[in-house]
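Colleague: This structure is in structure tokens; I'll ask about it shortly.
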Amino acid sequence: MSAVAVHRKQVAARRAIAVVILVVLLSLYALLTLTPFYFLFIRSFVPTAESAKFHAWVPPNREFNLDARFGNMATFFNLDLPKFKKDMGISGYIDTNLTIRELAETYTIPPEKLRAYFQPFYLFNGWLNILRSAEAYRSFIATVCVTALAIVLGTLLGSATGLGLSRFQRKWQSVLYTLYLLQMVIPGVITMLPSYIIVRTLGLTNTYTVLVLGAISGGALSTMIFTSAAAGIPREMQESLKVDGGGMFTYYHSIMLPLIKPAIGAFSLITLPQVWNSLLGSLLYNKSGKYLLMAFISSFAGNYSTNYQAIYAGLAIALLPLLALYVGLQNLFVRAALAGAVKG
Amino acid sequence: MGPRTSLSLTLRRENRTSLFFVAPQFLLYLTFILLPLLVSIPLAFTDLVGFTSTKAQFVGIRNFISIFTDPGVMQYIWPTVLRTFIFMACNYLTVFIFGLSFALMMYELSTRVQKSYFVIIYLPYIISGLGAGMFIELLFARDTGSLNLLLELLHIIPQPINLKSSSASLFALVAFVGWRYAGYNMAIFLSGLLTIPVDTIDAAKMDGVSYLQRLRHIYFPQIIPSIAIATISCLVGSFGIFDEPVGFGALYGNEQARLFSITLYRMGLGTGGTYGIGMLAEGVASSIVVFTPLIIIALLIFRWQKRRQVT
Amino acid sequence: MRYKLYLFLTVVMLAGVTAAMGAPLVLEVRASQPEYMAKERQIWDVFEQQNSDIKINLFSINESEDAAFQARLAAGNPPGFSSMAYAQSVKQGETMVDLKTVDFKWWDKFAYDIKNAWKKRYGVDKVPIMQWSSGPLASFIYYKDEMAKAGLDPSTIRTMADLDAFLAKLKQYVGTRSDLKYVIATGWHVWCWPYQFLHHFITAFDPAAQSKAADLYTGKAKWTDLAKNPYVPAFRKLKEWYDKGYFPKEFWTLAWEDDFEAAFIGRKAILTFHGPWLWDKVEAADPSAQLAGFPLPPNSAGKIQAFPPDVSQGPGIYKDVQKNPAVFKAAVRALNFMFSPQSVKMLAESLGSVPAYDLSSVGGLNLRTPQYLTVIKPVMDGKFGKASWDNTGFGPDAGGRFYIEGRPSPAFSDPLQPIWGDYFSGKINMAGLMAAYQKMFDNAFKVQ
């Protein structure tokens with residue numbers, strides 16, 4: 001065998017070893033990254049009373065204790081009291097100090113019926129509360145809509161801004177650009193009250209509109225991504241269009257938008273979790289009937305501050321859709337992520 | 001009309017059309033972002049105590065002086081500014097440790113393998129800020145944290161890790177933030193690497209250029225824009241990061257996790273709450289003092305990077 | 001043909017008008033605590049039955065929503081009625097309606113002088129908060145079955161020396177069990193330790209503790225005068241317990257709910273010291289738990305500190321509600337409902353608070369909550385020896401009118417946490433601790 005061939009084989013072998021090491025390292029890190037998510041899922045089933053012990057898997061269900069006091073159960077498990085009363089055929093005020101056994105006696109309900117009603121709550125109360133809550137579905141759907149709108153409109157407005165800024169005279173460009181960069185440093189608490197008053201003056205309190213508008217107002221990242229994308233398109237494209245009699249608007253929708261797909265991908269990728277996870281807007285401008293998902297989870301978790309099942313089930317619900325999206329649309333996701341955060 | 005005049009006419013018309021393109025989003029930006037900020041800046045010249053107080057008196061530049069001379073005010077601000085700079089430096093390191101290393105690693109692997117790892121590494125980024133805090137409790141609460149329990153069970157640690165008290169808490173915060181933004185940073189660097197034409201790499205490999213040499217001469221120049229963007233994000237982001245320090249107990253007495261953003265938040269709250277300091281005006285003044293140089297530096301980096309691109 | 005259309009339109013219009021007239025007015029009510037939402041909802045359901053023209057929208061605010069809610073209040077959009085409003089300074093009191101000026105039917109039912117209570121603390125003749133409940137009493141709480149396993153019986157504790165001996169034996173027992181970690185589980189809470197718990201402790205060492213504390217908060221005495229300072233013996237005892245390992249290490253860094261309450265619910269400790277909320281939480285999380293409690297030992301005058309009604313926080317109506325007269329009228333009706341004897345009875349029995357209110361007209365009180373049955377009632381019945389409850393107000397309240405809005409108060413505020421931490425970890429001694437307190441006081445109170 002020639003020396004070159006031997007050398008090539010050595011290089012190939014070294015490369016194979018390097019690849020194996022890389023794969024091992026990455027796999028370890030991947031495992032490390034996935035572990036917290038796994039624990040989140042498991043802990044959403046672990047009752048607080050058992051949380052001081054380590055659980056690698058869902059603990060076994062415990063038999064429901066009929067000597068539990070009704071008021072505490074109602075609070076801890078977030079019972080839908082009117083529904084409970086209807087299901088059990090009770091009307092009027094229930095003395096919350098009664099134990100479940102006493103409840104059965106007072107209202108002549110067979111104890112087994114009550115036991116069967118409460119049994120699933122021991123392990124599943126976190127999930128049950130969310131899956132049975134109309135409020136959860138409403139905020140989920142609202143969040144999906146607001147996020148979708150934010151991405152679509154944010155792209156349109158952002159790319160328009162990018163185009164405009166890239167064509168502006170240098171001094172205007174710098175001024176506007178700097179103004180947009182300011183968004184990075186605004187401390188939230190200080191602008192809370194002025195923002196609220198402005199929104200109230202516009203009559204937009206307690207609407208979904210204000211949440212969408214807030215998400216598409218642009219900012220440092222949107223401006224950076226779209227301005228550099230717009231500037232990256234060769235000037236000749238617009239010149240040629242002008243020759244054919246087209247203006248900036250035709251250029252915008254027929255040439256620019258298709259060409260900056262990578263930038264749109266990058267922008268969507270960053271905006272998606274941002275809007276999906278947004279919290280302050282709902283809390284500040286809206287009442288609980290119009291909370292988005294994260295605000296709903298936070299109020300849900302805050303109300304059950306020591307009920308870990310509720311808190312972690314809520315968090316899992318907020319994460320699962322994004323997780324499903326990213327894993328399911330892997331190809332799209334990777335392409336978008338690598339595409340254009342960095343074009344000069 | 002000579003050619004020069006028609007050119008300037010075109011330029012002016014283009015400026016006008018650009019205005020139409022820029023206006024819609026700018027109007028929204030003005031209303032929802034700039035206006036509240038502009039309204040808040042004059043607060044630095046008042047004696048406002050909390051963000052819900054509605055009576056304030058004008059006091060001129062007294063706050064700008066007191067944040068440099070009054071120990072009662074300085075004790076809240078400058079230690080946290082210093083800590084934030086330390087955090088920023090360490091965070092900058094993790095940007096390269098997580099971001100660049102992963103990007104380089106992934107660059108060497110085939111696309112199919114790349115994709116799955118990419119998604120997994122990116123996952124922590126989709127946790128919300130609130131979720132990040134909950135994750136920290138989930139894993140490291142002293143008596144109920146899953147990781148603490150597991151490590152104790154395996155006898156790897158004699159006592160549960162108390163993230164909120166040890167002086168290593170700041171570095172744990174850095175590690176957590178690094179983990180959370182690993183995917184984001186990796187994407188920035190990887191996209192820079194992917195702009196290198198494959199032929200250049202192949203040619204270099206054929207010529208027997210070693211990996212380190214490839215790194216220095218081919219990879220590094222191509223990722224300078226990425227480095228610039230990562231630097232700006234790190235610079236400004238470190239002063240805005242909020243949810244992770246809260247998760248580490250910054251609002252419940254963990255002095256080590258108190259970064260500048262936390263200080264601003266506490267100063268903005270009145271003292272009716274449990275962790276407010278009640279110095280809103282001084283808070284606004286100090287944020288002006290601290291953020292202005294940051295913005296200038298960020299702009300300079302950005303300008304330099306753009307100019308470098310053109311050459 | 002056309003007249004049919006007109007008829008149809010008229011009918012629709014009439015229906016709309018009647019619907020609008022009959023449509024109930026929506027009154028937003030803030031619940032007192034998120035934990036009590038379900039229980040309070042039931043009670044407001046009774047109100048809705050009795051007042052079909054008002055619909056109650058009950059909501060609660062937890063800590064993560066608090067800042068945003070404060071902004072809403074400051075912008076002038078308060079809820080119609082608040083079961084939890086704050087009037088902890090003269091300025092805060094100005095945002096509330098003076099309930100002496102509304103049409104309120106139940107003044108004579110209160111067991112204390114509510115009309116002057118706020119005035120005594122803050123110097124302004126006003127009733128911003130209508131408080132039916134005594135304050136949240138803090139006491140020791142323990143798992144009955146575990147304590148029995150340890151072979152200890154806290155109901156025999158009569159003096160501080162007894163308590164010390166008991167804790168020493170408990171520590172020994174905890175050492176023998178690998179699943180128990182703490183003798184007294186606790187964490188840090190900015191209000192519970194420096195305000196609620198501490199002021200229960202000082203009475204255990206000195207019958208005149210609260211009045212001495214009042215002197216400190218009205219500037220008549222100095223913290224640094226250690227001999228006259230009623231907090232000194234309490235801090236000394238707490239530090240002694242900390243040094244003996246009864247409290248978790250660095251407990252001032254432990255989160256209240258996530259670390260402390262979860263640990264106690266998870267049975268990492270048999271004993272803790274807490275207010276009424278923990279009982280419900282433990283029982284809800286673990287219905288098989290049998291909880292009992294005991295108070296701090298009585299002082300030389302045979303008194304144990306109770307928590308009198310706190311008129312600085314509780315039910316009230318924000319002034320801005322008056323901008324909408326219909327809502328304001330509904331709020332006043334809600335107020336009268338909430339403070340009617342039937343409601344107070346329902347509230348007391350479901351929330352477990354002892355009312356400072358005369359319930360004889362509705363058959364008296366039937367409290368069956370474990371804190372009442374194992375701590376409050378036994379003391380009244382003489383089961384803890386000659387001890388009886390002391391209902392003097394807490395010392396810091398006397399300084400209410402001198403408090404400068406926005407400054408951190410030594411009564412309760414966040415800067416106390418590192419100060420306590422330094423004291424308990426030994427970085428500063430008693431003199432240093434009291435100097436820090438004096439400094440906070442001088443900065444936050446303007447004594448005339």
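Numbering starts fresh at 1 for the residues of each chain in the structure tokens, the chains themselves are lettered A, B, ... in the order given, and ligands are numbered from 1 as they appear.
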Taking only C-alpha atoms into account, report as a list of chain:residue names which residues of chain B lie within 6 Å of chain A.
Modeller: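 Written out as asked, the residues are B:Asn15, B:Ser18, B:Phe21, B:Val22, B:Gln25, B:Leu28, B:Tyr29, B:Pro36, B:Ile126, B:Ser128, B:Asp143, B:Thr144, B:Leu149, B:Ala187, B:Ser191, B:Ser226, B:Tyr265.
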Colleague: Find the spatial neighbours of C:Asn299, counting only C-alpha atoms, within a cut-off of 12 Å - ignore same-chain residues fewer than 2 positions away - and output them as a PyMOL selection string.
Modeller: chain C and resi 158-161+200-209+295-297+301-305+386-390
Colleague: List as JSON, numbers by chain the protein and nucleic acid residues near C:Asn229, meaning an atom at most 12 Å away when only C-alpha atoms are counted, but skip any in the same chain fewer than 2 places from it.
Modeller: {"C": [202, 205, 206, 208, 209, 210, 211, 212, 213, 214, 215, 216, 217, 220, 221, 222, 223, 224, 225, 226, 227, 231, 232, 233, 234, 235, 236, 395, 430, 431, 433, 434, 435, 437, 438]}
Colleague: Record the distance separating atom CA of B:Val174 and atom CA of B:Leu147, expressed in Å with one decimal.
Modeller: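 A separation of 18.0 Å between them.
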Colleague: Would you give me, as number ranges by chain, the residues of chain C that come within 8 Å of chain A, using only C-alpha atoms?
Modeller: C: 34-39, 42-43, 46, 59-65, 68-69, 71-72, 74-75, 257-258, 261-263, 265-268, 280-281, 283-288, 349-350, 368-369
Colleague: Those residues with C-alpha atoms, as a PDB file, in the first residue's frame please?
Modeller:
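This went into selection.pdb:
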ATOM      1  CA  PRO C  34     -56.041  31.974  47.037  1.00  0.00           C
ATOM      2  CA  GLU C  35     -56.323  28.999  49.419  1.00  0.00           C
ATOM      3  CA  TYR C  36     -59.737  30.101  50.578  1.00  0.00           C
ATOM      4  CA  MET C  37     -61.294  30.637  47.151  1.00  0.00           C
ATOM      5  CA  ALA C  38     -63.431  27.484  47.177  1.00  0.00           C
ATOM      6  CA  LYS C  39     -64.714  28.130  50.695  1.00  0.00           C
ATOM      7  CA  GLN C  42     -69.683  28.891  48.590  1.00  0.00           C
ATOM      8  CA  ILE C  43     -70.462  31.764  50.910  1.00  0.00           C
ATOM      9  CA  VAL C  46     -75.446  32.232  49.377  1.00  0.00           C
ATOM     10  CA  PHE C  59     -60.934  36.097  41.986  1.00  0.00           C
ATOM     11  CA  SER C  60     -57.707  35.861  43.914  1.00  0.00           C
ATOM     12  CA  ILE C  61     -54.286  37.381  43.589  1.00  0.00           C
ATOM     13  CA  ASN C  62     -51.235  35.347  44.408  1.00  0.00           C
ATOM     14  CA  GLU C  63     -47.716  36.581  44.794  1.00  0.00           C
ATOM     15  CA  SER C  64     -46.663  36.371  41.158  1.00  0.00           C
ATOM     16  CA  GLU C  65     -49.669  38.461  40.139  1.00  0.00           C
ATOM     17  CA  ALA C  68     -49.420  43.705  38.109  1.00  0.00           C
ATOM     18  CA  PHE C  69     -52.434  43.966  40.409  1.00  0.00           C
ATOM     19  CA  ALA C  71     -50.418  48.676  38.940  1.00  0.00           C
ATOM     20  CA  ARG C  72     -54.090  48.141  38.256  1.00  0.00           C
ATOM     21  CA  ALA C  74     -52.743  52.544  41.195  1.00  0.00           C
ATOM     22  CA  ALA C  75     -54.300  53.285  37.832  1.00  0.00           C
ATOM     23  CA  GLU C 257     -43.598  27.243  50.787  1.00  0.00           C
ATOM     24  CA  ASP C 258     -41.275  25.308  48.520  1.00  0.00           C
ATOM     25  CA  GLU C 261     -43.966  23.839  54.118  1.00  0.00           C
ATOM     26  CA  ALA C 262     -43.270  21.110  51.570  1.00  0.00           C
ATOM     27  CA  ALA C 263     -40.670  19.588  53.890  1.00  0.00           C
ATOM     28  CA  ILE C 265     -45.859  18.057  54.615  1.00  0.00           C
ATOM     29  CA  GLY C 266     -43.309  15.511  53.422  1.00  0.00           C
ATOM     30  CA  ARG C 267     -42.637  14.615  57.076  1.00  0.00           C
ATOM     31  CA  LYS C 268     -39.023  15.672  57.280  1.00  0.00           C
ATOM     32  CA  ASP C 280     -55.277  23.065  56.388  1.00  0.00           C
ATOM     33  CA  LYS C 281     -52.467  22.590  53.917  1.00  0.00           C
ATOM     34  CA  GLU C 283     -54.458  17.948  56.086  1.00  0.00           C
ATOM     35  CA  ALA C 284     -55.342  18.611  52.493  1.00  0.00           C
ATOM     36  CA  ALA C 285     -52.112  17.130  51.183  1.00  0.00           C
ATOM     37  CA  ASP C 286     -52.199  14.191  53.553  1.00  0.00           C
ATOM     38  CA  PRO C 287     -55.669  13.452  54.928  1.00  0.00           C
ATOM     39  CA  SER C 288     -54.313  10.717  57.163  1.00  0.00           C
ATOM     40  CA  GLU C 349     -66.200  27.954  60.807  1.00  0.00           C
ATOM     41  CA  SER C 350     -64.887  27.295  57.317  1.00  0.00           C
ATOM     42  CA  ARG C 368     -63.907  22.357  64.741  1.00  0.00           C
ATOM     43  CA  THR C 369     -60.599  23.197  63.167  1.00  0.00           C
TER      44      THR C 369
END
